[in-house]
>>> print(open('work-v1.csv').read())   # CSV, C-alpha atoms
chain,number,residue,atom,x,y,z
B,652,MET,CA,122.7,81.8,137.8
B,653,PRO,CA,125.9,82.0,135.6
B,654,ARG,CA,125.5,83.2,132.1
B,655,TYR,CA,124.8,80.5,129.5
B,656,ASP,CA,127.6,81.2,127.1
B,657,LEU,CA,126.6,80.9,123.5
B,658,ALA,CA,130.1,80.6,122.0
B,659,GLY,CA,130.6,77.2,120.4
B,660,ARG,CA,127.0,76.1,121.1
B,661,THR,CA,124.7,75.0,118.2
B,662,VAL,CA,121.4,76.9,117.9
B,663,VAL,CA,118.6,75.6,115.7
B,664,LEU,CA,116.2,78.3,114.5
B,665,THR,CA,112.9,77.7,112.6
B,666,GLY,CA,111.5,80.6,110.6
B,667,SER,CA,115.0,81.7,110.2
B,668,THR,CA,114.6,83.9,107.1
B,669,GLY,CA,111.7,86.0,108.5
B,670,GLY,CA,112.2,89.5,109.9
B,671,LEU,CA,112.8,88.3,113.5
B,672,GLY,CA,114.7,85.2,112.4
B,673,THR,CA,117.1,87.1,110.2
B,674,ALA,CA,118.0,89.6,112.9
B,675,LEU,CA,118.2,86.9,115.7
B,676,ALA,CA,120.4,84.6,113.6
B,677,ARG,CA,122.8,87.5,113.1
B,678,ALA,CA,122.9,88.4,116.8
B,679,LEU,CA,123.5,84.7,117.8
B,680,ARG,CA,126.3,84.3,115.3
B,681,GLY,CA,127.8,87.5,116.8
B,682,ARG,CA,127.8,85.7,120.1
B,683,GLY,CA,129.8,82.8,118.6
B,684,ALA,CA,127.0,80.3,118.2
B,685,ASN,CA,126.9,77.8,115.3
B,686,LEU,CA,123.6,78.0,113.5
B,687,ALA,CA,121.2,75.5,111.9
B,688,LEU,CA,118.8,77.6,109.9
B,689,LEU,CA,115.4,76.1,109.1
B,690,ASP,CA,112.7,77.6,106.9
B,691,LEU,CA,110.5,76.7,103.9
B,692,SER,CA,113.0,77.7,101.2
B,693,LEU,CA,116.3,75.9,101.0
B,694,ALA,CA,117.6,78.5,98.7
B,695,ALA,CA,116.8,81.2,101.2
B,696,THR,CA,118.3,79.4,104.2
B,697,THR,CA,121.4,78.5,102.2
B,698,ALA,CA,122.0,82.1,101.2
B,699,GLN,CA,121.4,83.2,104.8
B,700,ALA,CA,123.9,80.7,106.1
B,701,GLN,CA,126.5,81.8,103.5
B,702,ASP,CA,126.1,85.4,104.6
B,703,LEU,CA,126.9,84.3,108.2
B,704,GLY,CA,129.9,82.1,107.5
B,705,ASP,CA,131.0,78.8,106.1
B,706,GLU,CA,129.4,75.5,106.7
B,707,THR,CA,131.4,74.9,109.9
B,708,VAL,CA,129.4,77.7,111.6
B,709,ALA,CA,126.2,78.0,109.7
B,710,ARG,CA,124.1,75.9,107.3
B,711,GLY,CA,120.6,76.1,106.0
B,712,TRP,CA,117.9,73.4,105.7
B,713,HIS,CA,114.5,73.1,104.2
B,714,ALA,CA,111.9,72.5,107.0
B,715,ASP,CA,108.2,72.9,107.3
B,716,VAL,CA,107.0,73.0,110.9
B,717,ARG,CA,103.8,71.3,109.7
B,718,ASP,CA,105.9,68.2,108.9
B,719,LEU,CA,107.2,66.3,111.9
B,720,VAL,CA,109.2,63.7,109.9
B,721,GLY,CA,110.9,66.5,107.9
B,722,LEU,CA,111.7,68.4,111.1
B,723,GLN,CA,113.2,65.2,112.7
B,724,GLN,CA,115.4,64.7,109.6
B,725,ALA,CA,116.6,68.3,109.6
B,726,MET,CA,117.4,68.1,113.4
B,727,ASP,CA,119.3,64.8,112.9
B,728,GLU,CA,121.3,66.2,110.0
B,729,ALA,CA,122.1,69.4,112.0
B,730,ALA,CA,123.3,67.3,114.9
B,731,THR,CA,125.5,65.3,112.6
B,732,GLN,CA,126.8,68.5,111.0
B,733,PHE,CA,127.7,70.3,114.2
B,734,GLY,CA,128.1,67.4,116.6
B,735,ARG,CA,125.5,68.7,119.0
B,736,LEU,CA,122.3,70.7,119.4
B,737,ASP,CA,122.2,72.9,122.5
B,738,ILE,CA,119.4,75.4,121.9
B,739,VAL,CA,116.3,75.2,119.7
B,740,ILE,CA,114.2,78.3,119.0
B,741,ALA,CA,110.7,77.7,117.6
B,742,GLY,CA,110.4,81.0,115.6
B,743,ALA,CA,108.1,80.1,112.7
B,744,GLY,CA,104.8,82.0,112.8
B,745,ILE,CA,102.0,83.6,110.8
B,746,ASP,CA,99.1,85.8,111.5
B,747,THR,CA,95.6,86.6,110.2
B,748,MET,CA,93.0,89.4,110.8
B,749,ALA,CA,89.3,88.4,110.6
B,750,PRO,CA,86.3,87.9,112.9
B,751,MET,CA,85.2,84.4,113.8
B,752,ALA,CA,81.9,84.9,111.9
B,753,THR,CA,83.7,85.3,108.6
B,754,ILE,CA,87.2,83.9,108.8
B,755,ASP,CA,87.9,81.1,106.3
B,756,PRO,CA,88.2,78.0,108.4
B,757,SER,CA,91.3,76.9,106.5
B,758,ALA,CA,93.0,80.2,107.4
B,759,TYR,CA,92.2,79.7,111.1
B,760,GLU,CA,93.4,76.2,111.1
B,761,ARG,CA,96.6,77.1,109.3
B,762,VAL,CA,97.6,79.7,112.0
B,763,ILE,CA,97.0,77.1,114.7
B,764,ASP,CA,98.9,74.5,112.8
B,765,VAL,CA,101.9,76.7,112.2
B,766,ASN,CA,102.0,78.7,115.4
B,767,LEU,CA,101.0,76.2,118.0
B,768,ASN,CA,101.3,72.7,116.5
B,769,GLY,CA,104.5,73.8,114.8
B,770,VAL,CA,106.1,74.6,118.2
B,771,TRP,CA,105.1,71.2,119.4
B,772,ARG,CA,106.6,69.4,116.4
B,773,THR,CA,109.8,71.5,116.6
B,774,PHE,CA,110.3,70.7,120.3
B,775,ARG,CA,109.4,67.0,119.8
B,776,ALA,CA,111.9,66.6,117.0
B,777,ALA,CA,114.6,68.5,119.0
B,778,LEU,CA,114.2,67.1,122.5
B,779,PRO,CA,116.4,64.0,122.3
B,780,HIS,CA,119.3,66.2,121.0
B,781,VAL,CA,118.8,69.0,123.5
B,782,GLU,CA,118.4,66.6,126.4
B,783,ALA,CA,121.8,65.1,125.6
B,784,GLN,CA,123.3,68.6,126.1
B,785,ARG,CA,121.1,69.6,129.0
B,786,GLY,CA,120.2,72.5,126.7
B,787,TYR,CA,117.4,75.0,126.3
B,788,LEU,CA,114.2,75.2,124.2
B,789,LEU,CA,112.7,78.6,123.4
B,790,ALA,CA,109.4,79.3,121.7
B,791,ILE,CA,108.6,82.8,120.2
B,792,SER,CA,105.2,83.6,121.6
B,793,SER,CA,103.9,87.2,122.0
B,794,MET,CA,102.2,89.6,124.4
B,795,ALA,CA,99.1,88.4,122.6
B,796,ALA,CA,99.4,85.4,124.9
B,797,PHE,CA,98.2,87.7,127.7
B,798,VAL,CA,96.4,90.5,125.9
B,799,HIS,CA,93.6,89.0,123.7
B,800,SER,CA,92.6,91.3,120.9
B,801,PRO,CA,89.5,91.0,118.7
B,802,LEU,CA,89.9,89.8,115.0
B,803,GLN,CA,92.9,87.7,116.0
B,804,ILE,CA,91.2,84.7,117.5
B,805,SER,CA,93.6,82.2,115.8
B,806,TYR,CA,96.7,84.2,116.6
B,807,THR,CA,95.9,84.9,120.3
B,808,ALA,CA,94.8,81.3,120.9
B,809,SER,CA,98.0,80.0,119.3
B,810,LYS,CA,100.3,82.3,121.3
B,811,ALA,CA,98.5,81.6,124.6
B,812,GLY,CA,98.7,77.9,123.8
B,813,VAL,CA,102.5,78.2,123.2
B,814,TRP,CA,102.9,79.9,126.6
B,815,ALA,CA,100.9,77.1,128.3
B,816,MET,CA,102.8,74.4,126.4
B,817,CYS,CA,106.1,75.8,127.5
B,818,ASP,CA,105.0,75.9,131.2
B,819,SER,CA,103.8,72.3,131.0
B,820,LEU,CA,106.9,71.0,129.2
B,821,ARG,CA,109.2,72.7,131.7
B,822,LEU,CA,107.8,70.6,134.4
B,823,GLU,CA,108.4,67.4,132.4
B,824,VAL,CA,112.0,68.1,131.6
B,825,ARG,CA,113.5,70.1,134.5
B,826,HIS,CA,114.8,66.9,136.1
B,827,LEU,CA,116.7,66.3,132.9
B,828,GLY,CA,118.5,69.6,133.1
B,829,VAL,CA,116.6,71.0,130.1
B,830,GLY,CA,115.4,74.6,130.3
B,831,VAL,CA,112.2,75.7,128.5
B,832,GLY,CA,111.2,79.4,127.9
B,833,SER,CA,108.7,81.5,126.0
B,834,ALA,CA,109.4,84.9,124.6
B,835,HIS,CA,106.7,87.6,124.6
B,836,PRO,CA,107.5,90.7,122.6
B,837,THR,CA,105.0,93.4,122.0
B,838,PHE,CA,104.6,95.0,118.5
B,839,PHE,CA,107.8,95.4,116.6
B,840,ARG,CA,108.5,96.1,112.9
B,841,THR,CA,108.8,93.0,110.6
B,842,PRO,CA,107.3,92.3,107.2
B,843,MET,CA,104.5,90.4,109.0
B,844,MET,CA,103.8,93.3,111.2
B,845,ASP,CA,103.8,95.6,108.2
B,846,ASP,CA,101.1,93.5,106.7
B,847,VAL,CA,99.0,93.8,109.8
B,848,THR,CA,99.2,97.6,109.9
B,849,ALA,CA,98.6,97.8,106.2
B,850,ASP,CA,95.4,95.8,106.6
B,851,PRO,CA,92.4,98.3,106.9
B,852,ALA,CA,91.0,96.3,109.9
B,853,GLY,CA,94.5,96.1,111.5
B,854,HIS,CA,95.0,99.8,111.1
B,855,ALA,CA,91.6,100.6,112.6
B,856,LEU,CA,92.3,98.4,115.5
B,857,TRP,CA,95.9,99.4,116.3
B,858,GLY,CA,95.9,102.9,115.0
B,859,GLY,CA,99.1,102.3,112.9
B,860,ASN,CA,101.1,101.4,116.1
B,861,ALA,CA,102.8,104.8,116.0
B,862,LYS,CA,102.1,105.9,119.6
B,863,GLY,CA,100.2,105.0,122.7
B,864,LEU,CA,99.4,101.6,124.2
B,865,TRP,CA,100.1,99.7,121.0
B,866,LYS,CA,103.3,101.5,120.0
B,867,THR,CA,105.9,99.4,118.3
B,868,VAL,CA,109.4,98.9,119.9
B,869,PRO,CA,112.6,98.7,117.8
B,870,LEU,CA,113.5,95.2,116.5
B,871,GLU,CA,117.0,95.7,118.0
B,872,LYS,CA,115.4,95.9,121.5
B,873,VAL,CA,113.4,92.7,120.9
B,874,ILE,CA,116.6,90.8,119.7
B,875,ALA,CA,118.6,92.0,122.7
B,876,GLY,CA,115.9,90.9,125.0
B,877,ILE,CA,115.6,87.4,123.5
B,878,VAL,CA,119.4,86.9,123.5
B,879,ARG,CA,119.6,88.0,127.1
B,880,GLY,CA,116.8,85.6,127.9
B,881,ILE,CA,118.6,82.7,126.2
B,882,GLU,CA,121.8,83.5,128.1
B,883,ARG,CA,119.8,83.4,131.4
B,884,ARG,CA,117.9,80.3,130.2
B,885,ALA,CA,114.8,82.2,131.3
B,886,ASP,CA,111.4,80.7,131.8
B,887,ARG,CA,109.8,83.8,130.2
B,888,VAL,CA,111.1,86.8,128.3
B,889,VAL,CA,108.9,89.9,128.2
B,890,ILE,CA,109.8,92.7,125.9
B,891,PRO,CA,109.8,95.6,126.8
B,892,ARG,CA,110.3,94.9,130.5
B,893,TYR,CA,107.7,97.5,131.6
B,894,LEU,CA,105.0,95.1,130.4
B,895,THR,CA,106.2,92.4,132.9
B,896,LEU,CA,103.3,93.2,135.3
B,897,THR,CA,100.8,92.7,132.5
B,898,ALA,CA,102.4,89.4,131.6
B,899,ASN,CA,102.6,88.3,135.2
B,900,ALA,CA,99.0,88.8,136.1
B,901,PRO,CA,97.5,85.7,134.4
B,902,GLY,CA,100.2,83.4,136.0
B,903,LEU,CA,100.4,85.2,139.4
B,904,PHE,CA,99.8,82.0,141.4
B,905,ARG,CA,101.5,79.6,138.9
B,906,PRO,CA,104.8,79.2,140.9
B,907,ILE,CA,102.9,78.3,144.0
B,908,LEU,CA,100.6,75.9,142.3
B,909,GLU,CA,103.6,74.2,140.6
B,910,ARG,CA,105.5,73.8,143.9
B,911,VAL,CA,102.5,72.5,145.8
B,912,GLY,CA,100.6,70.6,143.1
B,913,PHE,CA,103.3,69.3,140.8
B,914,ARG,CA,106.2,68.1,142.9
B,915,PRO,CA,109.2,66.8,140.9
B,916,GLN,CA,109.0,63.3,142.2
B,917,THR,CA,105.2,63.2,141.4
B,918,VAL,CA,105.8,64.4,137.9
B,919,GLN,CA,108.6,61.9,137.3
B,920,ARG,CA,106.4,59.1,138.5
B,921,ALA,CA,103.6,60.2,136.2
B,922,LEU,CA,106.0,60.3,133.3
B,923,GLY,CA,107.0,56.7,133.9
B,924,LEU,CA,103.4,55.6,133.9
B,925,ALA,CA,102.2,57.6,130.9
B,926,SER,CA,101.4,55.7,127.6
B,927,ALA,CA,102.4,57.0,124.2
B,928,SER,CA,98.7,57.1,123.1
B,929,GLY,CA,97.7,59.3,126.0
B,930,TRP,CA,95.1,56.7,127.1
B,931,HIS,CA,95.6,54.2,129.8
B,932,ASP,CA,93.5,51.6,128.1
B,933,SER,CA,92.8,51.0,124.4
B,934,ALA,CA,89.2,50.1,125.2
B,935,VAL,CA,88.7,53.4,127.0
B,936,HIS,CA,90.1,55.1,124.0
B,937,GLU,CA,87.7,53.3,121.6
B,938,ARG,CA,84.8,54.3,123.8
B,939,HIS,CA,85.8,57.9,123.8
B,940,GLN,CA,86.3,57.8,120.0
B,941,ALA,CA,82.9,56.3,119.5
B,942,GLY,CA,81.3,58.9,121.8
B,943,SER,CA,82.8,61.7,119.7
B,944,ARG,CA,81.4,60.6,116.5
>>> encode(input="work-v1.csv", output="structure tokens")
Amino acid sequence: MPRYDLAGRTVVLTGSTGGLGTALARALRGRGANLALLDLSLAATTAQAQDLGDETVARGWHADVRDLVGLQQAMDEAATQFGRLDIVIAGAGIDTMAPMATIDPSAYERVIDVNLNGVWRTFRAALPHVEAQRGYLLAISSMAAFVHSPLQISYTASKAGVWAMCDSLRLEVRHLGVGVGSAHPTFFRTPMMDDVTADPAGHALWGGNAKGLWKTVPLEKVIAGIVRGIERRADRVVIPRYLTLTANAPGLFRPILERVGFRPQTVQRALGLASASGWHDSAVHERHQAGSR
């Protein structure tokens, strides 16, 4: 497959001012991409954009991935600003460390809402624009999608869900020429990772991430891997590459199942028959709702 040249393309990045987002934005701008930078603080994204160039190549927006309407508005404004949206990277994410028995329910739900639902909202808001360019959607997942650690129930569930979401969405949009990928880096240094290792429970679990199985990799290696994945419009990006076998194991038979069980014409027919509510009959929906109460 020819390299997907980033020069002149517009990239939307959520969570742009975080440790990963900051480094990734810089690398993408270095490849000549225009950047729409989305995060919770407009002041922070504006300052980030000004550091990368003038408004013809980079601009910041306030956006909360828990707010679909706000995301849609930011995507529409970015498309107007740059004339197109080619690539959208769902990079916003948070973590928490606590066992199921004691975690604050609101903390669990917030991780799921940001990490998993936030990716759905980001892609939903972006899809019409990306479809017009036959572009590419990328979600930042984690090796936690495949390796499920204790005390991180919300995090591992959200990252595994992102992986599954991307696999499902890819089948829905491949006939439109849209690519969908998920990135799965192992541990790397960011302020969020520093919080995990500083937490007594996190330190006990991961041993400080200085050596051995849970050793961190340089941020630069993660960024290089993600950029390379975008340029290949990869279905999945595993960083470092030696963990590919670990990542492949859960989905070993997925390509076969997709070819046999989800043929393109079958998926397209189902798309044409699906209702917006997700239920074929409102009466059936009402019965299910009543049964859940």
>>> atom_distance(input="work-v1.csv", atom1="CA of Trp771 in chain B", atom2="CA of Leu788 in chain B")
11.0 Å
>>> closest_residue(input="work-v1.csv", among="B:Ala743, B:Val813, B:Ala714, B:Ala674", to="Arg840 in chain B", atoms="all atoms listed in the file")
B:Ala674
>>> residues_near_point(input="work-v1.csv", point="(118.3, 70.1, 102.3)", cutoff="7 Å", atoms="only C-alpha atoms", output="ChimeraX atom specification")
/B:693,712-713
>>> residues_around(input="work-v1.csv", residues="range 881-886 of chain B", least_positions_apart="4", cutoff="12 Å", atoms="all atoms listed in the file", output="ChimeraX atom specification")
/B:652-658,660,662,675,678-679,682,684,737-740,785-791,814-822,825,828-835,874-877,906
>>> write_last_selection(input="work-v1.csv", atoms="C-alpha atoms", output="CSV table (one decimal), keeping the file's coordinate frame")
chain,number,residue,atom,x,y,z
B,652,MET,CA,122.7,81.8,137.8
B,653,PRO,CA,125.9,82.0,135.6
B,654,ARG,CA,125.5,83.2,132.1
B,655,TYR,CA,124.8,80.5,129.5
B,656,ASP,CA,127.6,81.2,127.1
B,657,LEU,CA,126.6,80.9,123.5
B,658,ALA,CA,130.1,80.6,122.0
B,660,ARG,CA,127.0,76.1,121.1
B,662,VAL,CA,121.4,76.9,117.9
B,675,LEU,CA,118.2,86.9,115.7
B,678,ALA,CA,122.9,88.4,116.8
B,679,LEU,CA,123.5,84.7,117.8
B,682,ARG,CA,127.8,85.7,120.1
B,684,ALA,CA,127.0,80.3,118.2
B,737,ASP,CA,122.2,72.9,122.5
B,738,ILE,CA,119.4,75.4,121.9
B,739,VAL,CA,116.3,75.2,119.7
B,740,ILE,CA,114.2,78.3,119.0
B,785,ARG,CA,121.1,69.6,129.0
B,786,GLY,CA,120.2,72.5,126.7
B,787,TYR,CA,117.4,75.0,126.3
B,788,LEU,CA,114.2,75.2,124.2
B,789,LEU,CA,112.7,78.6,123.4
B,790,ALA,CA,109.4,79.3,121.7
B,791,ILE,CA,108.6,82.8,120.2
B,814,TRP,CA,102.9,79.9,126.6
B,815,ALA,CA,100.9,77.1,128.3
B,816,MET,CA,102.8,74.4,126.4
B,817,CYS,CA,106.1,75.8,127.5
B,818,ASP,CA,105.0,75.9,131.2
B,819,SER,CA,103.8,72.3,131.0
B,820,LEU,CA,106.9,71.0,129.2
B,821,ARG,CA,109.2,72.7,131.7
B,822,LEU,CA,107.8,70.6,134.4
B,825,ARG,CA,113.5,70.1,134.5
B,828,GLY,CA,118.5,69.6,133.1
B,829,VAL,CA,116.6,71.0,130.1
B,830,GLY,CA,115.4,74.6,130.3
B,831,VAL,CA,112.2,75.7,128.5
B,832,GLY,CA,111.2,79.4,127.9
B,833,SER,CA,108.7,81.5,126.0
B,834,ALA,CA,109.4,84.9,124.6
B,835,HIS,CA,106.7,87.6,124.6
B,874,ILE,CA,116.6,90.8,119.7
B,875,ALA,CA,118.6,92.0,122.7
B,876,GLY,CA,115.9,90.9,125.0
B,877,ILE,CA,115.6,87.4,123.5
B,906,PRO,CA,104.8,79.2,140.9
>>> residues_around(input="work-v1.csv", residues="Val765 in chain B", least_positions_apart="2", cutoff="8 Å", atoms="all atoms listed in the file", output="PyMOL selection string")
chain B and resi 716-717+743-745+761-763+767-770
>>> atom_distance(input="work-v1.csv", atom1="CA of Glu782 in chain B", atom2="CA of Gly721 in chain B")
20.0 Å
>>> closest_residue(input="work-v1.csv", among="B:Pro750, B:Gly666, B:Gly683, B:Gly659", to="Ser805 in chain B", atoms="all atoms listed in the file")
B:Pro750
>>> closest_atom_pairs(input="work-v1.csv", of="range 655-688 of chain B", to="range 728-733 of chain B", cutoff="8 Å", atoms="only C-alpha atoms", output="JSON lines")
{"residue": "B:Thr661", "atom": "CA", "partner": "B:Phe733", "partner_atom": "CA", "distance": 6.9}
{"residue": "B:Asn685", "atom": "CA", "partner": "B:Phe733", "partner_atom": "CA", "distance": 7.6}
{"residue": "B:Ala687", "atom": "CA", "partner": "B:Ala729", "partner_atom": "CA", "distance": 6.2}
>>> closest_residue(input="work-v1.csv", among="B:Ala695, B:Leu924, B:Leu686, B:Met794", to="Thr668 in chain B", atoms="all atoms listed in the file")
B:Ala695
>>> closest_residue(input="work-v1.csv", among="B:Val878, B:Val663, B:Asp690, B:Phe838", to="Leu778 in chain B", atoms="only C-alpha atoms")
B:Val663
>>> atom_distance(input="work-v1.csv", atom1="CA of Phe839 in chain B", atom2="CA of Ala700 in chain B")
24.2 Å
>>> residues_around(input="work-v1.csv", residues="Tyr759 in chain B", least_positions_apart="6", cutoff="12 Å", atoms="all atoms listed in the file", output="ChimeraX atom specification")
/B:745-753,765-767,802-809
>>> residues_around(input="work-v1.csv", residues="Thr897 in chain B", least_positions_apart="3", cutoff="12 Å", atoms="all atoms listed in the file", output="PyMOL selection string")
chain B and resi 794-799+835+837+889-894+900-903
>>> decode(input="work-v1.csv", residues="range 830-840 of chain B", atoms="all heavy atoms", output="PDB file, in the first residue's frame")
ATOM      1  N   GLY B 830     -10.612   4.277   6.493  1.00  0.00           N
ATOM      2  CA  GLY B 830      -9.829   3.354   7.310  1.00  0.00           C
ATOM      3  C   GLY B 830     -10.061   3.610   8.784  1.00  0.00           C
ATOM      4  O   GLY B 830     -10.319   4.748   9.198  1.00  0.00           O
ATOM      5  N   VAL B 831      -9.981   2.552   9.595  1.00  0.00           N
ATOM      6  CA  VAL B 831     -10.160   2.668  11.040  1.00  0.00           C
ATOM      7  C   VAL B 831      -9.071   1.852  11.731  1.00  0.00           C
ATOM      8  O   VAL B 831      -8.879   0.669  11.421  1.00  0.00           O
ATOM      9  CB  VAL B 831     -11.541   2.149  11.497  1.00  0.00           C
ATOM     10  CG1 VAL B 831     -11.691   2.325  13.008  1.00  0.00           C
ATOM     11  CG2 VAL B 831     -12.662   2.858  10.753  1.00  0.00           C
ATOM     12  N   GLY B 832      -8.374   2.483  12.651  1.00  0.00           N
ATOM     13  CA  GLY B 832      -7.305   1.790  13.362  1.00  0.00           C
ATOM     14  C   GLY B 832      -7.343   2.053  14.850  1.00  0.00           C
ATOM     15  O   GLY B 832      -7.966   3.008  15.319  1.00  0.00           O
ATOM     16  N   SER B 833      -6.670   1.177  15.591  1.00  0.00           N
ATOM     17  CA  SER B 833      -6.488   1.378  17.033  1.00  0.00           C
ATOM     18  C   SER B 833      -5.008   1.238  17.345  1.00  0.00           C
ATOM     19  O   SER B 833      -4.320   0.382  16.779  1.00  0.00           O
ATOM     20  CB  SER B 833      -7.309   0.369  17.844  1.00  0.00           C
ATOM     21  OG  SER B 833      -7.038  -0.965  17.441  1.00  0.00           O
ATOM     22  N   ALA B 834      -4.505   2.104  18.221  1.00  0.00           N
ATOM     23  CA  ALA B 834      -3.092   2.091  18.610  1.00  0.00           C
ATOM     24  C   ALA B 834      -2.970   1.512  20.012  1.00  0.00           C
ATOM     25  O   ALA B 834      -3.732   1.887  20.914  1.00  0.00           O
ATOM     26  CB  ALA B 834      -2.510   3.494  18.552  1.00  0.00           C
ATOM     27  N   HIS B 835      -1.987   0.627  20.187  1.00  0.00           N
ATOM     28  CA  HIS B 835      -1.847  -0.114  21.442  1.00  0.00           C
ATOM     29  C   HIS B 835      -0.409  -0.034  21.964  1.00  0.00           C
ATOM     30  O   HIS B 835       0.357  -1.000  21.871  1.00  0.00           O
ATOM     31  CB  HIS B 835      -2.250  -1.570  21.233  1.00  0.00           C
ATOM     32  CG  HIS B 835      -3.638  -1.738  20.718  1.00  0.00           C
ATOM     33  ND1 HIS B 835      -4.728  -1.863  21.550  1.00  0.00           N
ATOM     34  CD2 HIS B 835      -4.124  -1.768  19.452  1.00  0.00           C
ATOM     35  CE1 HIS B 835      -5.825  -1.981  20.818  1.00  0.00           C
ATOM     36  NE2 HIS B 835      -5.490  -1.916  19.549  1.00  0.00           N
ATOM     37  N   PRO B 836      -0.040   1.114  22.525  1.00  0.00           N
ATOM     38  CA  PRO B 836       1.298   1.202  23.113  1.00  0.00           C
ATOM     39  C   PRO B 836       1.336   0.545  24.490  1.00  0.00           C
ATOM     40  O   PRO B 836       0.323   0.468  25.194  1.00  0.00           O
ATOM     41  CB  PRO B 836       1.523   2.710  23.231  1.00  0.00           C
ATOM     42  CG  PRO B 836       0.143   3.287  23.374  1.00  0.00           C
ATOM     43  CD  PRO B 836      -0.765   2.397  22.567  1.00  0.00           C
ATOM     44  N   THR B 837       2.513   0.063  24.871  1.00  0.00           N
ATOM     45  CA  THR B 837       2.732  -0.379  26.241  1.00  0.00           C
ATOM     46  C   THR B 837       3.026   0.849  27.095  1.00  0.00           C
ATOM     47  O   THR B 837       2.794   1.987  26.678  1.00  0.00           O
ATOM     48  CB  THR B 837       3.877  -1.397  26.299  1.00  0.00           C
ATOM     49  OG1 THR B 837       3.944  -1.958  27.626  1.00  0.00           O
ATOM     50  CG2 THR B 837       5.217  -0.772  25.957  1.00  0.00           C
ATOM     51  N   PHE B 838       3.542   0.657  28.297  1.00  0.00           N
ATOM     52  CA  PHE B 838       3.820   1.777  29.198  1.00  0.00           C
ATOM     53  C   PHE B 838       4.816   2.754  28.584  1.00  0.00           C
ATOM     54  O   PHE B 838       5.832   2.348  28.018  1.00  0.00           O
ATOM     55  CB  PHE B 838       4.402   1.268  30.517  1.00  0.00           C
ATOM     56  CG  PHE B 838       3.455   0.420  31.312  1.00  0.00           C
ATOM     57  CD1 PHE B 838       3.603  -0.959  31.350  1.00  0.00           C
ATOM     58  CD2 PHE B 838       2.419   0.995  32.025  1.00  0.00           C
ATOM     59  CE1 PHE B 838       2.743  -1.742  32.090  1.00  0.00           C
ATOM     60  CE2 PHE B 838       1.545   0.219  32.771  1.00  0.00           C
ATOM     61  CZ  PHE B 838       1.708  -1.160  32.796  1.00  0.00           C
ATOM     62  N   PHE B 839       4.529   4.052  28.704  1.00  0.00           N
ATOM     63  CA  PHE B 839       5.467   5.086  28.296  1.00  0.00           C
ATOM     64  C   PHE B 839       5.242   6.295  29.190  1.00  0.00           C
ATOM     65  O   PHE B 839       4.169   6.472  29.758  1.00  0.00           O
ATOM     66  CB  PHE B 839       5.294   5.455  26.816  1.00  0.00           C
ATOM     67  CG  PHE B 839       3.933   5.990  26.466  1.00  0.00           C
ATOM     68  CD1 PHE B 839       3.688   7.355  26.419  1.00  0.00           C
ATOM     69  CD2 PHE B 839       2.887   5.124  26.182  1.00  0.00           C
ATOM     70  CE1 PHE B 839       2.431   7.847  26.094  1.00  0.00           C
ATOM     71  CE2 PHE B 839       1.629   5.612  25.857  1.00  0.00           C
ATOM     72  CZ  PHE B 839       1.398   6.969  25.812  1.00  0.00           C
ATOM     73  N   ARG B 840       6.259   7.126  29.322  1.00  0.00           N
ATOM     74  CA  ARG B 840       6.231   8.222  30.281  1.00  0.00           C
ATOM     75  C   ARG B 840       5.369   9.383  29.814  1.00  0.00           C
ATOM     76  O   ARG B 840       5.616   9.982  28.771  1.00  0.00           O
ATOM     77  CB  ARG B 840       7.641   8.732  30.557  1.00  0.00           C
ATOM     78  CG  ARG B 840       8.444   7.836  31.465  1.00  0.00           C
ATOM     79  CD  ARG B 840       8.046   8.049  32.919  1.00  0.00           C
ATOM     80  NE  ARG B 840       8.719   7.080  33.775  1.00  0.00           N
ATOM     81  CZ  ARG B 840       8.114   6.308  34.653  1.00  0.00           C
ATOM     82  NH1 ARG B 840       6.803   6.382  34.791  1.00  0.00           N
ATOM     83  NH2 ARG B 840       8.787   5.466  35.397  1.00  0.00           N
TER      84      ARG B 840
END
